[in-house]
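Colleague: I'd like to ask some things about the structure below.
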Amino acid sequence: MSNEVNSRKVAVIGTGFVGSSSAVALMESGLFSEMVLIDADKNRAEGEVLDISHGLPFARPMKIIAGDYDDIVDAAIIVVTAGAGQKPGETRLDLVKKNVKIFQSIIPEIAKRDCKGILVIVANPVDILTYVAKKLSGFPENRVFGSGTTLDSARLKYLLGEHLGVDARSVHAWIIGEHGDSEIAAWSSANVSGVPISDFCEMRGFLEHDDHMKRIAEDVKNSAYEIIEKKKATYYGVAMAVRRICEAIVRDEKSILPVSSIQHGNYGISDVSLSMPAIVGKNGIEKLIPIQLDEKEQEELRTSARALKEVLDGLDL
Ligand code: NAD
């Protein structure tokens, strides 16, 4: 199979909760005409293919197969969700050793076929695994990035929308840094359709702005723990984030999304992958957007980077 990219083809590696939910979201999106699902458990992938394909008459025609790495050489996007999930009480960083090992079996398979598509890393800890995927693949950095805090930023927008009684899509607010415990809500740039968030809170009659924002940021940070406690895993929200990222790539939207990529000096951070808003289009990441952060946020971001760097330093790559 030629490795010339087919812009209508997507691959999903790992068809557990996150991979299969992402596959459903991608099938429903109508963005692709071909989708390949790969899982170490081939039966699982085959079962998902059957189940998802039975929904096609209600959506748009496409070819969905359970395949292997030879089948994804020309995929425009390869979404990697394979990996263990967090157990109740386990942090994303606790997962690192198990999932790096899994990546050591997956990424070289993609690299040796010289795939030209974009790798979108979703498995956790996503920032560490994005860095690992970049190193193992040798792909250019624009073509390897993680879903990062796309999900966390959506959670933030959702909660702010509920709190303020506005459409979450009118809320512009980022979670940046690690997708995990050291993530940062970038309040100094948050706004609702151009109105600074603190002014908007006052307009809606909320005067204890700082307390509310603190609580909402904590709720965002803890939402994965809460969902895992209640239903064992989180998958629908991230599936929509995967769909959104794929949409920005396939439609060359040049959307600004908070994805995880290797940093090169912004805020004094380099050689670590974490989330910053970036322009995403058909070539993957086109440019990082170093948003305005106050001193405290910048320091928190550097702390987040140090926490990730410590984990990377402990890996034998
Ligand atoms: P899961 O256990 O349901 O699925 C994992 C799948 O990976 C399984 O089907 C397994 O067979 C497969 N797999 C394991 N090793 C493989 C290999 N070498 N090749 C191919 N497939 C392999 O887990 P899940 O709930 O789907 O979670 C998957 C990952 O996504 C976890 O790391 C989880 O923490 C992460 N996640 C990320 C986000 C995010 O925002 N980035 C959100 C939720 C979950």
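Here's how to read the names in the structure tokens: chain A, B, ... by the order shown, residue numbers from 1 in each chain, ligand numbers from 1 in the order shown.
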Residues at most 8 Å from ligand 1, using only C-alpha atoms and all ligand atoms? Could they come as a PyMOL selection string?
Modeller: chain A and resi 13-20+38-41+44-45+81-86+92+95+99+102-103+105-106+121-126+146-152+179+224+233-235+237-238+241
Colleague: Quick one: residues within 12 Å of A:Lys157, only C-alpha atoms counted, chain neighbours fewer than 5 positions away excluded, as a list in words?
Modeller: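 Listed by chain and then number, they are Thr149, Thr150, Leu151, Asp152, Glu162, His163, Leu164, Gly165, Val166, Asp167, Ala168, Arg169, Ser170, Val171, His172, Ala173, Trp174, Ile175, Ala185, Trp187, Ala190, Asn191, Val192, Ile197, Met213, Ile216, Ala217, Asp219 and Val220 of chain A.
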Colleague: As a ChimeraX atom specification, please: every residue in stretch 14-112 of chain A that DSSP puts in strand (DSSP E or B).
Modeller: /A:34-38,63-66,75-80
Colleague: Using only C-alpha atoms, which residue out of A:Ile77, A:Met276, A:Leu156, A:Ser2 lies closest to A:Arg243?
Modeller: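 Ranking A:Ile77, A:Met276, A:Leu156, A:Ser2 by distance to A:Arg243, first place goes to A:Ile77.
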Colleague: Quick one: pull the distance between atom CA of A:Gly177 and atom CA of A:Arg302, Å, one decimal.
Modeller: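 Answer for the atom CA of A:Gly177 to atom CA of A:Arg302 separation: 8.5 Å.
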Colleague: So that I can check the secondary structure, give me every residue of stretch 12-257 of chain A assigned alpha helix (DSSP H) by backbone DSSP, as an MDAnalysis selection string.
Modeller: chainID A and resid 17:29 42:53 96:112 126:137 150:164 197:203 209:231 236:250
Colleague: Env of A:Glu4: 12 Å cut, atoms = only C-alpha atoms, seq-sep filter 6 positions within chain, self excluded. Answer as a ChimeraX atom specification.
Modeller: /A:72-76,113-117
Colleague: Choose the residue, out of A:Ala25, A:Ala305, A:Ile249, A:Val96, that has the smallest atom-to-atom separation from A:Asn266; count only C-alpha atoms.
Modeller: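 Using only C-alpha atoms, A:Asn266 sits closest to A:Ala305.
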Colleague: I'd like the neighbourhood of A:Lys287 as a compact mmCIF listing (two decimals) with N, CA and C atoms, in the first residue's frame, where a residue qualifies if any of its atoms comes within 12 Å (using only C-alpha atoms), though same-chain residues fewer than 2 positions away should be ignored.
Modeller:
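Saved file selection_32.txt follows:
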```txt
# COMPACT_ATOMS: atom_id res chain seq x y z
N GLU A 141 7.58 17.28 14.47
CA GLU A 141 6.75 17.59 15.65
C GLU A 141 5.33 18.04 15.30
N ASN A 142 5.15 18.65 14.14
CA ASN A 142 3.80 19.10 13.79
C ASN A 142 2.86 17.90 13.61
N LYS A 254 -7.61 25.40 10.83
CA LYS A 254 -6.71 26.32 11.53
C LYS A 254 -7.38 26.81 12.83
N SER A 255 -8.05 25.86 13.48
CA SER A 255 -8.70 26.15 14.76
C SER A 255 -7.64 26.22 15.85
N ILE A 256 -7.93 26.98 16.88
CA ILE A 256 -7.00 27.03 18.01
C ILE A 256 -7.51 26.08 19.08
N LEU A 257 -6.71 25.04 19.32
CA LEU A 257 -7.10 24.00 20.28
C LEU A 257 -5.97 23.78 21.27
N PRO A 258 -6.31 23.47 22.53
CA PRO A 258 -5.24 23.29 23.53
C PRO A 258 -4.70 21.86 23.50
N VAL A 259 -3.82 21.61 22.55
CA VAL A 259 -3.27 20.26 22.38
C VAL A 259 -1.86 20.20 22.97
N SER A 261 2.01 19.40 22.94
CA SER A 261 3.13 19.24 22.00
C SER A 261 4.42 19.65 22.70
N ILE A 262 5.53 19.29 22.07
CA ILE A 262 6.83 19.59 22.68
C ILE A 262 7.07 21.10 22.62
N GLN A 263 7.47 21.64 23.75
CA GLN A 263 7.65 23.10 23.88
C GLN A 263 9.09 23.50 23.59
N HIS A 264 9.21 24.73 23.10
CA HIS A 264 10.55 25.22 22.71
C HIS A 264 10.82 26.61 23.25
N MET A 276 -0.67 23.81 25.23
CA MET A 276 -0.80 25.25 25.00
C MET A 276 -1.72 25.38 23.80
N PRO A 277 -2.51 26.45 23.73
CA PRO A 277 -3.32 26.62 22.52
C PRO A 277 -2.42 26.63 21.28
N ALA A 278 -2.89 25.96 20.24
CA ALA A 278 -2.10 25.87 19.01
C ALA A 278 -3.04 25.92 17.81
N ILE A 279 -2.52 26.44 16.70
CA ILE A 279 -3.31 26.43 15.46
C ILE A 279 -3.21 25.02 14.87
N VAL A 280 -4.37 24.40 14.64
CA VAL A 280 -4.41 23.03 14.12
C VAL A 280 -5.11 23.02 12.76
N GLY A 281 -4.41 22.46 11.78
CA GLY A 281 -4.96 22.36 10.43
C GLY A 281 -4.47 21.10 9.75
N ASN A 283 -1.85 20.19 8.34
CA ASN A 283 -0.50 19.70 8.63
C ASN A 283 -0.30 19.41 10.11
N GLY A 284 -1.37 19.37 10.85
CA GLY A 284 -1.26 19.15 12.29
C GLY A 284 -1.08 20.49 12.99
N ILE A 285 -0.09 20.54 13.89
CA ILE A 285 0.13 21.80 14.61
C ILE A 285 0.89 22.78 13.71
N ILE A 289 0.35 29.18 20.27
CA ILE A 289 -0.09 30.54 20.58
C ILE A 289 0.21 30.79 22.06
N PRO A 290 1.30 31.47 22.35
CA PRO A 290 1.61 31.73 23.77
C PRO A 290 0.68 32.81 24.31
```
Colleague: For a quick check of understanding, using only C-alpha atoms, which of A:Lys42, A:Ser153, A:Val100, A:Ser304 has the smallest distance to A:Tyr131?
Modeller: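 So, comparing all the options, the nearest one is A:Val100.
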Colleague: For A:Ile184, find every residue with an atom within 8 Å (counting only C-alpha atoms), except residues of its own chain fewer than 3 positions away, and show them as a ChimeraX atom specification.
Modeller: /A:175-178,297,300-301
Colleague: What gap, in Å, lies between atom CA of A:Ser275 and atom CA of A:Leu31?
Modeller: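 Rounded to one decimal, the two atoms are 24.9 Å apart.
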Colleague: To one decimal place in Å, what is the distance between atom CA of A:Ser22 and atom CA of A:Asp70?
Modeller: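 Straight-line distance from atom CA of A:Ser22 to atom CA of A:Asp70 works out to 21.3 Å.
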